[in-house]
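Asks: Structure file data-v8.cif (mmCIF, C-alpha atoms and all ligand atoms) right here:
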data_query
loop_
_atom_site.label_atom_id
_atom_site.label_comp_id
_atom_site.auth_asym_id
_atom_site.auth_seq_id
_atom_site.Cartn_x
_atom_site.Cartn_y
_atom_site.Cartn_z
CA MET A 1 39.59 -48.52 49.03
CA LYS A 2 42.70 -48.65 46.82
CA VAL A 3 44.63 -45.46 46.20
CA LEU A 4 47.39 -45.14 43.62
CA LEU A 5 49.54 -42.26 44.82
CA GLY A 6 51.40 -40.38 42.07
CA VAL A 7 54.40 -38.42 43.33
CA THR A 8 55.87 -35.72 41.06
CA GLY A 9 58.99 -33.58 41.33
CA GLY A 10 58.25 -30.75 43.75
CA ILE A 11 59.68 -29.88 47.15
CA ALA A 12 56.39 -30.89 48.79
CA CYS A 13 57.03 -34.57 48.02
CA TYR A 14 58.75 -34.82 51.39
CA LYS A 15 55.17 -34.79 52.79
CA SER A 16 53.93 -37.62 50.55
CA PRO A 17 55.07 -40.54 52.78
CA GLU A 18 52.90 -39.01 55.53
CA ILE A 19 49.92 -39.18 53.13
CA VAL A 20 50.60 -42.92 52.69
CA ARG A 21 50.72 -43.45 56.47
CA ARG A 22 47.53 -41.49 57.11
CA LEU A 23 45.70 -43.37 54.33
CA ALA A 24 46.86 -46.65 55.84
CA ASP A 25 45.39 -45.51 59.21
CA HIS A 26 42.02 -45.49 57.40
CA GLY A 27 42.58 -49.01 56.06
CA VAL A 28 43.34 -47.77 52.55
CA GLU A 29 45.67 -49.87 50.35
CA VAL A 30 48.31 -47.73 48.67
CA GLN A 31 50.66 -48.23 45.72
CA VAL A 32 53.03 -45.50 44.61
CA VAL A 33 54.11 -44.35 41.16
CA MET A 34 56.83 -41.70 40.87
CA THR A 35 58.11 -39.51 38.06
CA GLN A 36 61.80 -39.40 37.32
CA SER A 37 62.00 -35.86 38.76
CA ALA A 38 60.31 -36.98 41.98
CA CYS A 39 63.12 -39.52 42.47
CA GLU A 40 65.57 -36.57 42.58
CA PHE A 41 63.72 -35.23 45.62
CA ILE A 42 62.95 -38.40 47.56
CA LYS A 43 64.14 -42.00 47.25
CA PRO A 44 61.62 -44.62 46.08
CA LEU A 45 62.87 -46.75 48.98
CA VAL A 46 61.03 -44.45 51.42
CA PHE A 47 57.72 -45.26 49.74
CA GLN A 48 58.58 -48.93 49.50
CA ALA A 49 59.12 -48.93 53.26
CA VAL A 50 55.86 -47.14 54.13
CA THR A 51 53.65 -49.03 51.66
CA GLY A 52 55.32 -52.43 51.87
CA ASN A 53 55.03 -52.57 48.06
CA PRO A 54 57.57 -52.02 45.29
CA VAL A 55 57.39 -48.50 43.85
CA HIS A 56 56.41 -48.12 40.20
CA LEU A 57 58.83 -46.02 38.19
CA ASP A 58 59.20 -47.13 34.59
CA LEU A 59 56.88 -47.48 31.65
CA LEU A 60 59.31 -49.20 29.34
CA ASP A 61 60.55 -51.88 31.71
CA GLU A 62 59.92 -55.49 30.73
CA ASP A 63 60.08 -56.81 34.31
CA ALA A 64 57.68 -54.17 35.60
CA GLU A 65 55.24 -54.76 32.74
CA ALA A 66 55.40 -58.50 33.39
CA GLY A 67 54.33 -57.78 37.00
CA MET A 68 51.93 -54.92 37.61
CA GLY A 69 52.17 -52.94 34.38
CA HIS A 70 50.59 -49.61 33.55
CA ILE A 71 47.22 -51.07 32.56
CA GLU A 72 46.98 -53.25 35.69
CA LEU A 73 47.84 -50.26 37.88
CA ALA A 74 45.29 -48.13 36.05
CA ARG A 75 42.62 -50.79 36.64
CA TRP A 76 43.69 -51.55 40.23
CA ALA A 77 43.07 -48.03 41.61
CA ASP A 78 39.77 -46.70 42.93
CA VAL A 79 41.37 -43.28 43.27
CA PHE A 80 44.45 -41.94 41.47
CA LEU A 81 45.79 -39.20 43.76
CA ILE A 82 48.72 -37.08 42.54
CA ALA A 83 50.30 -35.30 45.50
CA PRO A 84 52.23 -33.16 44.98
CA ALA A 85 51.16 -32.35 41.44
CA THR A 86 53.72 -30.12 39.72
CA ALA A 87 52.84 -27.45 37.17
CA ASN A 88 54.61 -29.65 34.62
CA THR A 89 52.52 -32.74 35.38
CA ILE A 90 49.31 -30.67 35.39
CA ALA A 91 50.24 -29.32 31.93
CA ARG A 92 51.08 -32.79 30.65
CA MET A 93 47.81 -34.22 31.96
CA THR A 94 45.93 -31.40 30.22
CA ALA A 95 47.67 -32.09 26.93
CA GLY A 96 47.15 -35.86 27.23
CA ILE A 97 50.87 -36.61 27.01
CA ALA A 98 51.72 -40.21 27.85
CA ASP A 99 55.49 -40.64 27.75
CA ASP A 100 56.15 -41.93 31.25
CA LEU A 101 54.37 -44.30 33.63
CA LEU A 102 52.46 -41.70 35.65
CA SER A 103 51.16 -39.74 32.65
CA THR A 104 50.21 -42.94 30.80
CA ILE A 105 48.16 -44.13 33.79
CA CYS A 106 46.37 -40.74 33.78
CA LEU A 107 45.03 -41.59 30.34
CA ALA A 108 44.49 -45.30 30.94
CA THR A 109 42.59 -45.17 34.23
CA THR A 110 38.88 -44.84 34.86
CA ALA A 111 39.57 -44.24 38.58
CA LYS A 112 38.59 -40.96 40.17
CA GLN A 113 41.54 -38.57 39.64
CA VAL A 114 42.47 -36.13 42.38
CA ILE A 115 45.42 -33.73 42.31
CA ALA A 116 46.99 -31.70 45.11
CA PRO A 117 48.95 -28.98 43.29
CA ALA A 118 52.11 -27.57 44.88
CA MET A 119 54.25 -24.90 43.32
CA ASN A 120 55.67 -21.42 43.64
CA SER A 121 52.85 -18.83 43.70
CA MET A 122 53.95 -17.21 40.40
CA MET A 123 53.68 -20.62 38.72
CA TRP A 124 50.25 -21.13 40.32
CA HIS A 125 48.95 -17.77 39.11
CA HIS A 126 50.38 -18.17 35.58
CA PRO A 127 47.52 -18.09 33.04
CA ALA A 128 48.79 -21.37 31.54
CA THR A 129 48.41 -23.16 34.90
CA SER A 130 44.96 -21.58 35.53
CA ALA A 131 43.73 -22.62 32.07
CA ASN A 132 45.12 -26.16 32.52
CA LEU A 133 43.34 -26.53 35.85
CA GLU A 134 40.04 -25.32 34.41
CA THR A 135 40.36 -27.93 31.64
CA LEU A 136 41.18 -30.72 34.09
CA LYS A 137 38.26 -29.74 36.34
CA SER A 138 35.89 -29.72 33.39
CA ARG A 139 37.01 -33.32 32.75
CA GLY A 140 36.12 -34.26 36.32
CA VAL A 141 39.56 -34.13 37.93
CA GLU A 142 39.20 -33.03 41.55
CA VAL A 143 41.64 -30.35 42.71
CA LEU A 144 42.58 -30.16 46.40
CA GLY A 145 44.07 -26.81 47.43
CA PRO A 146 46.61 -25.40 47.18
CA ASP A 147 46.93 -23.50 50.42
CA GLU A 148 48.25 -20.02 51.06
CA GLY A 149 51.31 -19.33 53.22
CA SER A 150 55.09 -19.35 53.30
CA GLN A 151 56.74 -21.41 50.59
CA ALA A 152 60.02 -23.32 50.30
CA CYS A 153 61.26 -20.75 47.75
CA GLY A 154 61.02 -18.04 50.42
CA GLU A 155 57.93 -16.36 48.96
CA THR A 156 54.52 -16.12 50.58
CA GLY A 157 51.38 -16.79 48.58
CA VAL A 158 49.10 -19.43 47.13
CA GLY A 159 50.82 -22.66 46.07
CA ARG A 160 51.61 -24.72 49.18
CA MET A 161 50.37 -28.27 49.02
CA LEU A 162 47.52 -28.96 51.48
CA GLU A 163 48.63 -30.74 54.64
CA PRO A 164 48.58 -34.58 54.46
CA ASP A 165 45.70 -34.76 56.99
CA ASP A 166 43.50 -32.49 54.86
CA ILE A 167 44.30 -34.44 51.69
CA VAL A 168 43.51 -37.75 53.38
CA THR A 169 40.25 -36.42 54.87
CA ALA A 170 39.16 -35.27 51.41
CA ILE A 171 40.03 -38.65 49.87
CA VAL A 172 38.37 -40.74 52.55
CA GLU A 173 35.27 -38.53 52.82
CA GLY A 174 35.12 -38.07 49.05
CA ASN A 175 34.83 -41.81 48.73
CA ASN A 176 31.92 -41.87 51.17
CA THR A 177 30.29 -38.68 49.99
CA THR A 178 27.28 -39.07 47.88
CA VAL A 179 27.21 -36.06 45.60
CA ALA A 180 24.01 -34.05 45.77
CA GLU A 181 21.22 -36.03 44.17
CA PRO A 182 21.02 -34.96 40.53
CA GLY A 183 17.63 -33.47 39.68
CA LEU A 184 16.85 -32.38 43.24
CA LEU A 185 16.98 -28.73 42.16
CA ALA A 186 16.51 -29.20 38.40
CA GLY A 187 15.61 -25.91 36.73
CA VAL A 188 15.73 -23.97 40.03
CA ASN A 189 17.58 -20.62 40.05
CA VAL A 190 19.86 -20.36 43.07
CA LEU A 191 21.61 -17.12 43.98
CA ILE A 192 24.48 -17.47 46.47
CA THR A 193 26.78 -14.88 48.04
CA ALA A 194 30.19 -15.94 49.36
CA GLY A 195 33.37 -14.61 50.94
CA PRO A 196 34.07 -11.40 52.80
CA THR A 197 33.56 -7.84 51.59
CA ARG A 198 36.28 -5.22 51.73
CA GLU A 199 35.64 -1.64 52.82
CA ASP A 200 38.32 0.83 51.75
CA ILE A 201 39.78 3.30 54.21
CA ASP A 202 42.11 4.87 51.65
CA PRO A 203 43.72 3.53 48.44
CA VAL A 204 46.03 1.17 50.40
CA ARG A 205 44.06 0.16 53.52
CA PHE A 206 40.77 -1.57 54.09
CA ILE A 207 38.53 -3.20 56.72
CA SER A 208 37.52 -6.82 56.11
CA ASN A 209 37.02 -10.14 57.92
CA HIS A 210 38.32 -13.73 57.97
CA SER A 211 35.70 -15.31 55.71
CA SER A 212 37.43 -17.61 53.17
CA GLY A 213 34.46 -18.11 50.84
CA LYS A 214 34.92 -21.91 51.01
CA MET A 215 31.43 -22.61 52.41
CA GLY A 216 29.63 -20.50 49.78
CA PHE A 217 31.66 -22.03 46.95
CA ALA A 218 31.03 -25.56 48.25
CA LEU A 219 27.28 -24.84 48.42
CA ALA A 220 27.38 -23.48 44.86
CA GLN A 221 29.08 -26.71 43.74
CA ALA A 222 26.51 -28.89 45.55
CA ALA A 223 23.59 -26.86 44.12
CA LEU A 224 25.02 -27.31 40.61
CA GLU A 225 25.33 -31.06 41.18
CA ALA A 226 21.66 -31.03 42.23
CA GLY A 227 20.77 -29.53 38.84
CA ALA A 228 20.29 -25.87 39.84
CA ARG A 229 21.29 -22.85 37.76
CA VAL A 230 23.68 -21.06 40.09
CA THR A 231 24.75 -17.44 40.26
CA LEU A 232 27.59 -16.88 42.70
CA VAL A 233 28.23 -13.31 43.86
CA ALA A 234 31.69 -13.53 45.40
CA GLY A 235 33.64 -11.09 47.54
CA PRO A 236 37.43 -10.90 47.18
CA VAL A 237 38.55 -14.56 47.40
CA ARG A 238 40.96 -16.58 45.29
CA LEU A 239 38.88 -19.71 44.82
CA PRO A 240 38.26 -21.50 41.53
CA THR A 241 34.77 -21.02 40.10
CA PRO A 242 32.65 -24.18 40.26
CA ALA A 243 32.18 -25.35 36.66
CA LYS A 244 28.97 -23.92 35.13
CA ALA A 245 28.37 -21.36 37.92
CA ASP A 246 27.76 -17.81 36.76
CA ARG A 247 30.25 -15.89 38.94
CA VAL A 248 30.06 -12.16 39.67
CA ASP A 249 33.08 -10.76 41.54
CA VAL A 250 32.59 -7.82 43.88
CA ILE A 251 34.69 -6.01 46.48
CA SER A 252 32.54 -3.92 48.81
CA ALA A 253 29.22 -4.50 50.58
CA ARG A 254 27.65 -1.82 48.39
CA ASP A 255 28.82 -3.63 45.21
CA MET A 256 27.45 -6.90 46.57
CA HIS A 257 24.11 -5.29 47.48
CA ARG A 258 23.75 -3.85 43.98
CA GLU A 259 24.64 -7.09 42.17
CA VAL A 260 22.35 -9.20 44.38
CA MET A 261 19.36 -6.87 44.16
CA GLN A 262 19.68 -6.85 40.34
CA ARG A 263 19.39 -10.66 40.32
CA ALA A 264 17.14 -11.47 43.30
CA GLY A 265 13.92 -11.10 41.25
CA ASP A 266 14.95 -14.04 39.06
CA ALA A 267 16.06 -16.27 41.94
CA ASP A 268 13.96 -19.09 43.41
CA ILE A 269 16.36 -19.58 46.35
CA PHE A 270 18.74 -17.02 47.84
CA ILE A 271 21.50 -18.38 50.08
CA SER A 272 23.36 -15.57 51.82
CA VAL A 273 26.68 -17.03 52.93
CA ALA A 274 28.90 -13.95 52.50
CA ALA A 275 30.24 -12.26 55.61
CA VAL A 276 29.14 -8.80 54.54
CA ALA A 277 30.71 -5.89 56.40
CA ASP A 278 28.08 -4.25 58.61
CA TYR A 279 29.81 -0.88 58.30
CA ARG A 280 31.84 1.04 55.74
CA VAL A 281 34.15 3.97 56.28
CA THR A 282 32.01 7.09 55.95
CA GLU A 283 34.57 9.11 54.04
CA GLN A 284 37.13 7.12 52.06
CA ALA A 285 40.30 9.14 51.54
CA ASP A 286 41.39 9.64 47.91
CA SER A 287 45.06 9.43 48.82
CA LYS A 288 46.98 7.50 51.47
CA ILE A 289 46.30 8.85 54.97
CA LYS A 290 49.60 9.93 56.54
CA LYS A 291 50.54 9.03 60.11
CA SER A 292 50.20 12.03 62.40
CA ALA A 293 48.68 11.79 65.88
CA ASP A 294 48.92 8.64 68.05
CA ASP A 295 45.20 7.96 67.72
CA MET A 296 43.18 7.88 64.56
CA VAL A 297 39.39 7.98 64.52
CA LEU A 298 37.38 6.46 61.70
CA THR A 299 33.69 7.20 61.37
CA LEU A 300 31.70 4.25 60.05
CA THR A 301 28.32 4.15 58.32
CA ARG A 302 25.93 1.19 58.46
CA ASN A 303 25.77 -0.83 55.24
CA ALA A 304 22.44 -1.98 53.83
CA ASP A 305 21.39 -5.46 54.98
CA ILE A 306 21.39 -7.51 51.76
CA LEU A 307 19.56 -10.52 53.18
CA ALA A 308 16.84 -8.44 54.86
CA ASP A 309 16.37 -6.40 51.66
CA VAL A 310 15.93 -9.55 49.56
CA ALA A 311 13.57 -11.06 52.14
CA ALA A 312 11.49 -7.84 52.07
CA LEU A 313 10.88 -8.00 48.30
CA ALA A 314 7.21 -8.37 47.34
CA SER A 315 8.01 -11.35 45.14
CA ARG A 316 10.88 -12.95 46.99
CA PRO A 317 12.93 -16.10 46.68
CA MET A 318 13.17 -18.64 49.51
CA CYS A 319 15.69 -16.91 51.81
CA VAL A 320 18.40 -18.84 53.62
CA GLY A 321 20.76 -16.94 55.92
CA PHE A 322 23.95 -17.81 57.75
CA ALA A 323 24.73 -16.73 61.30
CA ALA A 324 28.28 -16.86 62.60
CA GLU A 325 28.16 -16.48 66.37
CA THR A 326 30.68 -16.78 69.17
CA GLU A 327 28.04 -17.66 71.84
CA ASN A 328 24.29 -18.34 72.43
CA LEU A 329 23.98 -19.89 68.99
CA GLU A 330 20.29 -20.86 68.96
CA THR A 331 18.98 -17.68 70.62
CA TYR A 332 20.82 -15.36 68.24
CA ALA A 333 20.11 -17.48 65.18
CA ARG A 334 16.37 -17.78 65.87
CA GLY A 335 16.25 -14.03 66.60
CA LYS A 336 17.75 -13.33 63.19
CA LEU A 337 15.39 -15.83 61.51
CA GLN A 338 12.34 -13.97 62.88
CA ARG A 339 13.67 -10.41 62.59
CA LYS A 340 14.64 -10.79 58.94
CA LYS A 341 11.63 -13.03 58.12
CA LEU A 342 13.86 -15.79 56.73
CA ASP A 343 12.81 -19.28 55.68
CA MET A 344 15.90 -20.92 57.16
CA ILE A 345 19.07 -20.01 59.02
CA ILE A 346 22.30 -22.00 59.16
CA ALA A 347 24.25 -21.15 62.29
CA ASN A 348 27.80 -21.97 63.26
CA LEU A 349 30.05 -21.13 66.15
CA VAL A 350 33.12 -19.21 65.06
CA GLY A 351 36.18 -18.06 66.92
CA GLY A 352 37.86 -21.46 67.37
CA THR A 353 40.20 -22.86 64.73
CA ALA A 354 38.52 -26.23 64.20
CA THR A 355 35.43 -25.06 62.33
CA GLY A 356 33.99 -21.97 60.68
CA PHE A 357 35.99 -19.21 59.00
CA ASN A 358 38.97 -20.38 56.96
CA SER A 359 38.68 -23.97 58.14
CA ASP A 360 37.93 -26.85 55.73
CA GLN A 361 35.60 -28.38 58.33
CA ASN A 362 32.32 -27.05 59.66
CA ALA A 363 29.58 -28.07 62.10
CA VAL A 364 26.26 -26.23 61.97
CA GLU A 365 22.80 -26.00 63.49
CA VAL A 366 19.97 -25.28 61.05
CA PHE A 367 16.74 -23.60 62.19
CA TRP A 368 13.49 -22.87 60.39
CA PRO A 369 10.31 -21.45 61.95
CA GLU A 370 8.84 -24.81 62.96
CA GLY A 371 11.93 -26.98 63.36
CA GLY A 372 15.67 -27.52 63.21
CA GLN A 373 18.47 -30.00 62.53
CA SER A 374 22.09 -30.39 63.69
CA PHE A 375 24.98 -31.35 61.42
CA SER A 376 28.13 -32.57 63.20
CA SER A 377 31.62 -31.54 62.05
CA ARG A 378 32.51 -32.69 58.52
CA SER A 379 34.21 -31.25 55.44
CA LYS A 380 32.53 -28.17 53.98
CA GLN A 381 32.07 -30.14 50.77
CA SER A 382 30.21 -32.98 52.45
CA LEU A 383 28.23 -30.57 54.66
CA SER A 384 27.16 -28.64 51.56
CA VAL A 385 25.70 -31.75 49.97
CA ASP A 386 23.60 -32.35 53.12
CA LEU A 387 22.56 -28.71 53.38
CA ILE A 388 21.51 -28.54 49.73
CA SER A 389 19.37 -31.68 50.23
CA LEU A 390 17.70 -30.04 53.24
CA ILE A 391 17.20 -26.71 51.43
CA ALA A 392 15.75 -28.56 48.42
CA SER A 393 13.29 -30.49 50.59
CA ARG A 394 12.16 -27.29 52.42
CA TYR A 395 11.87 -25.52 49.03
CA GLN A 396 9.73 -28.32 47.55
CA ARG A 397 7.54 -28.42 50.66
CA GLN A 398 7.06 -24.62 50.50
CA ASN A 399 6.19 -24.76 46.79
CA THR A 400 3.69 -27.58 47.30
CA LYS A 401 2.05 -25.58 50.14
CA ASP A 402 1.94 -22.43 47.96
CA ARG A 403 0.21 -24.35 45.17
CA SER A 404 -2.34 -26.11 47.41
C1 LIG A 501 64.53 -27.45 43.93
C2 LIG A 501 63.36 -27.54 42.98
C3 LIG A 501 62.11 -27.47 43.47
C4 LIG A 501 60.99 -27.55 42.63
N1 LIG A 501 59.76 -27.46 43.15
C5 LIG A 501 58.68 -27.48 42.33
C6 LIG A 501 57.37 -27.38 42.86
O1 LIG A 501 57.17 -27.29 44.07
N2 LIG A 501 56.34 -27.41 42.00
C7 LIG A 501 56.52 -27.51 40.65
O2 LIG A 501 55.53 -27.48 39.92
N3 LIG A 501 57.75 -27.64 40.12
C8 LIG A 501 58.84 -27.63 40.93
N4 LIG A 501 60.09 -27.74 40.40
C9 LIG A 501 60.23 -27.95 38.95
C10 LIG A 501 59.95 -29.41 38.58
O3 LIG A 501 60.84 -30.27 39.30
C11 LIG A 501 60.12 -29.60 37.09
O4 LIG A 501 59.12 -28.86 36.40
C12 LIG A 501 60.04 -31.06 36.68
O5 LIG A 501 60.17 -31.15 35.28
C13 LIG A 501 58.76 -31.73 37.14
O6 LIG A 501 58.68 -33.02 36.61
P1 LIG A 501 57.46 -34.00 36.90
O7 LIG A 501 56.22 -33.19 36.80
O8 LIG A 501 57.56 -35.03 35.81
O9 LIG A 501 57.71 -34.62 38.22
C14 LIG A 501 61.20 -27.68 41.22
C15 LIG A 501 62.51 -27.78 40.73
C16 LIG A 501 63.57 -27.70 41.60
C17 LIG A 501 64.94 -27.80 41.03
#
Please lay out the structure from this file as structure tokens.

Replies:
Amino acid sequence: MKVLLGVTGGIACYKSPEIVRRLADHGVEVQVVMTQSACEFIKPLVFQAVTGNPVHLDLLDEDAEAGMGHIELARWADVFLIAPATANTIARMTAGIADDLLSTICLATTAKQVIAPAMNSMMWHHPATSANLETLKSRGVEVLGPDEGSQACGETGVGRMLEPDDIVTAIVEGNNTTVAEPGLLAGVNVLITAGPTREDIDPVRFISNHSSGKMGFALAQAALEAGARVTLVAGPVRLPTPAKADRVDVISARDMHREVMQRAGDADIFISVAAVADYRVTEQADSKIKKSADDMVLTLTRNADILADVAALASRPMCVGFAAETENLETYARGKLQRKKLDMIIANLVGGTATGFNSDQNAVEVFWPEGGQSFSSRSKQSLSVDLISLIASRYQRQNTKDRS
């Protein structure tokens, strides 16, 4: 594989040489193109040393054009990865501006384009940046991250560039990943829940969990690629909506229950990925609870079980549940499969850092009444493609049986 790495002028470009080294570990050939601003942050010589190739800087340079010019570079690449991608470069890509080497290649290449945005969280949340990203995604540009955490500017929030390892995994796996087979779920209505729910204690405090929503969103994306019509009922997460998904945002388990039950009758497949709070605070305070005694007691009330309620409908969709367990995976998962009368359950061990909640990787065991299948650790994106293929094949089998 040949990757053209575009480096733009953000603080995170100190991590870009590490991306080159990690790509090289996977046998990937790398050439680097830098913007003028990027050269203020890091010297081209660094990239020349790690790639062993001259770094491409200028559009209007006779010598450069006589060697590997912008069109040759555009043709050479299998993947054009821009990491970090500044807000400025993202805006210029959106507008189709081509007044330097990097932006001209963006227009001239037919290679897969992937960007790893990195910027201050206010810049990330600016409506101009959000709109630009939506446009780029609708044109097929893949967006990796950004992550949440402390930033070079001293703020904490969304905008950190993903770590080089995560970027490289996505590039290498993305090259191997077959997207979900188009047509596998053509015309099928898929309803998916994702993310955590949030149960208010008072106007400033709540109870929630570590679910990131990444698995549910990745499954929604894979189902769309397979031709399904997807409705995504999402708890409070800051993830971009997969293009063409119908997204319904909710906060609490009760909101999620209501929105799902309103739509379950029209669904052919229901995939319950959300980590729905089992309990809510019985009496939510209208104003902030003041500190008084050393101990504070909260009384909790059981929330309705969304998955079980959908599975109990007279005319029900195929029901796929998720089980996050810290031990005895198969026993607990099969118990839940039977108790809730599900068609399939996807179980993963949580509690470690390598897979499950918040991680970009996941390994799962899938069980259905008469069988099961294991999926070893891989990116949530690649796992979703495999899971959607399995769900589609079980759905088709079930439908054929129902008709015969
Ligand atoms: C110290 C410093 C750090 C910066 N970090 C970022 C950043 O992380 N992300 C970003 O979008 N812009 C950042 N900028 C602003 C960009 O450098 C500026 O928008 C520039 O025009 C980007 O040019 P380019 O996209 O052509 O590389 C930073 C500027 C300075 C002075």

Asks: Quick one: 8 Å padding each side, axis-aligned, all listed atoms of ligand LIG 501 (chain A) - centre and edge lengths in Å to one decimal, as lines of an AutoDock Vina configuration file?

Replies:
center_x = 60.2
center_y = -31.2
center_z = 39.7
size_x = 25.4
size_y = 23.7
size_z = 24.8

Asks: From the options A:Ile90, A:Met318, A:Ala85, A:Ala264, which residue's atoms come nearest to Met34 in chain A, counting all atoms listed in the file?

Replies: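 Among the listed residues, A:Ala85 lies closest to Met34 in chain A.
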
Asks: Restricting the calculation to all atoms listed in the file: of A:Asp100, A:Glu72, A:Glu134, A:Glu65, which residue gets closest to ligand LIG 501 (chain A)?

Replies: A:Asp100

Asks: Give the answer as one residue: which of A:Ser208, A:Asn120, A:Ser393, A:Thr110 has the shortest atom-to-atom distance to Val237 in chain A, using only C-alpha atoms?

Replies: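 The shortest atom-to-atom distance to Val237 in chain A comes from A:Ser208.
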
Asks: Of the candidates A:Thr135, A:Ser389, A:Thr169, A:Ser121, which shows the shortest atom-to-atom distance to Arg22 in chain A, using all atoms listed in the file?

Replies: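 Using all atoms listed in the file, the shortest distance to Arg22 in chain A belongs to A:Thr169.
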
Asks: In Å to one decimal, how far is CA of Ala218 in chain A from CA of Val143 in chain A?

Replies: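 Calculated distance between CA of Val143 in chain A and CA of Ala218 in chain A is 12.9 Å.
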
Asks: In Å, with one decimal, what is the gap from atom N2 of ligand LIG 501 (chain A) to CA of Leu136 in chain A?

Replies: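 Distance reported for this atom pair: 17.4 Å.
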
Asks: Would you mind telling me which residue in A:Ala74, A:Val158, A:Leu219, A:Val79 lies nearest to ligand LIG 501 (chain A) when using all atoms listed in the file?

Replies: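 Among the listed residues, the smallest separation from ligand LIG 501 (chain A) belongs to A:Val158.
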
Asks: Residues at most 9 Å from ligand LIG 501 (chain A), using only C-alpha atoms and all ligand atoms? Could they come as an MDAnalysis selection string?

Replies: chainID A and resid 7:13 34:41 84:92 100 102:103 117:120 123:124 151:153 159:161

Asks: Just write the chosen residues, C-alpha atoms, as a compact mmCIF listing (two decimals), keeping the file's coordinate frame.

Replies:
# COMPACT_ATOMS: atom_id res chain seq x y z
CA VAL A 7 54.40 -38.42 43.33
CA THR A 8 55.87 -35.72 41.06
CA GLY A 9 58.99 -33.58 41.33
CA GLY A 10 58.25 -30.75 43.75
CA ILE A 11 59.68 -29.88 47.15
CA ALA A 12 56.39 -30.89 48.79
CA CYS A 13 57.03 -34.57 48.02
CA MET A 34 56.83 -41.70 40.87
CA THR A 35 58.11 -39.51 38.06
CA GLN A 36 61.80 -39.40 37.32
CA SER A 37 62.00 -35.86 38.76
CA ALA A 38 60.31 -36.98 41.98
CA CYS A 39 63.12 -39.52 42.47
CA GLU A 40 65.57 -36.57 42.58
CA PHE A 41 63.72 -35.23 45.62
CA PRO A 84 52.23 -33.16 44.98
CA ALA A 85 51.16 -32.35 41.44
CA THR A 86 53.72 -30.12 39.72
CA ALA A 87 52.84 -27.45 37.17
CA ASN A 88 54.61 -29.65 34.62
CA THR A 89 52.52 -32.74 35.38
CA ILE A 90 49.31 -30.67 35.39
CA ALA A 91 50.24 -29.32 31.93
CA ARG A 92 51.08 -32.79 30.65
CA ASP A 100 56.15 -41.93 31.25
CA LEU A 102 52.46 -41.70 35.65
CA SER A 103 51.16 -39.74 32.65
CA PRO A 117 48.95 -28.98 43.29
CA ALA A 118 52.11 -27.57 44.88
CA MET A 119 54.25 -24.90 43.32
CA ASN A 120 55.67 -21.42 43.64
CA MET A 123 53.68 -20.62 38.72
CA TRP A 124 50.25 -21.13 40.32
CA GLN A 151 56.74 -21.41 50.59
CA ALA A 152 60.02 -23.32 50.30
CA CYS A 153 61.26 -20.75 47.75
CA GLY A 159 50.82 -22.66 46.07
CA ARG A 160 51.61 -24.72 49.18
CA MET A 161 50.37 -28.27 49.02

Asks: What does the distance between CA of Pro242 in chain A and CA of Gly183 in chain A come to in Å, to one decimal place?

Replies: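 So the two atoms, CA of Pro242 in chain A and CA of Gly183 in chain A, lie 17.7 Å apart.
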
Asks: Go through range 249-272 of chain A residue by residue and, counting all atoms listed in the file, keep those with an atom at most 10 Å from range 292-310 of chain A; for each kept residue give the shortest atom pair and its distance in Å to one decimal, ordered by chain and increasing number, as JSON lines.

Replies:
{"residue": "A:Ser252", "atom": "CA", "partner": "A:Asn303", "partner_atom": "CA", "distance": 9.8}
{"residue": "A:Ala253", "atom": "CA", "partner": "A:Asn303", "partner_atom": "CA", "distance": 6.9}
{"residue": "A:Arg254", "atom": "CA", "partner": "A:Asn303", "partner_atom": "CA", "distance": 7.2}
{"residue": "A:Met256", "atom": "CA", "partner": "A:Ile306", "partner_atom": "CA", "distance": 8.0}
{"residue": "A:His257", "atom": "CA", "partner": "A:Ile306", "partner_atom": "CA", "distance": 5.5}
{"residue": "A:Arg258", "atom": "CA", "partner": "A:Ile306", "partner_atom": "CA", "distance": 8.9}
{"residue": "A:Val260", "atom": "CA", "partner": "A:Ile306", "partner_atom": "CA", "distance": 7.6}
{"residue": "A:Met261", "atom": "CA", "partner": "A:Val310", "partner_atom": "CA", "distance": 6.9}
{"residue": "A:Arg263", "atom": "CA", "partner": "A:Val310", "partner_atom": "CA", "distance": 9.9}
{"residue": "A:Ala264", "atom": "CA", "partner": "A:Val310", "partner_atom": "CA", "distance": 6.7}
{"residue": "A:Gly265", "atom": "CA", "partner": "A:Val310", "partner_atom": "CA", "distance": 8.7}
{"residue": "A:Phe270", "atom": "CA", "partner": "A:Val310", "partner_atom": "CA", "distance": 8.2}
{"residue": "A:Ile271", "atom": "CA", "partner": "A:Leu307", "partner_atom": "CA", "distance": 8.7}
{"residue": "A:Ser272", "atom": "CA", "partner": "A:Leu307", "partner_atom": "CA", "distance": 6.5}

Asks: Could you list, as a PyMOL selection string, every residue within 10 Å of Leu185 in chain A, counting only C-alpha atoms and ignoring same-chain residues fewer than 6 positions away?

Replies: chain A and resi 223-229+388-389+391-393+395-396

Asks: Looking at A:Ile289, A:Ala347, A:Ala267, A:Val281, which one is nearest to Val188 in chain A, with distances taken over all atoms listed in the file?

Replies: A:Ala267

Asks: What's the 12 Å shell around Gly69 in chain A, counting only C-alpha atoms, without same-chain residues fewer than 4 positions away, as a list in words?

Replies: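 The residues satisfying every condition are Val33, Val55, His56, Leu57, Asp58, Leu59, Leu60, Asp61, Glu62, Asp63, Ala64, Glu65, Leu73, Ala74, Arg75, Trp76, Leu101, Leu102, Thr104, Ile105 and Ala108 of chain A.
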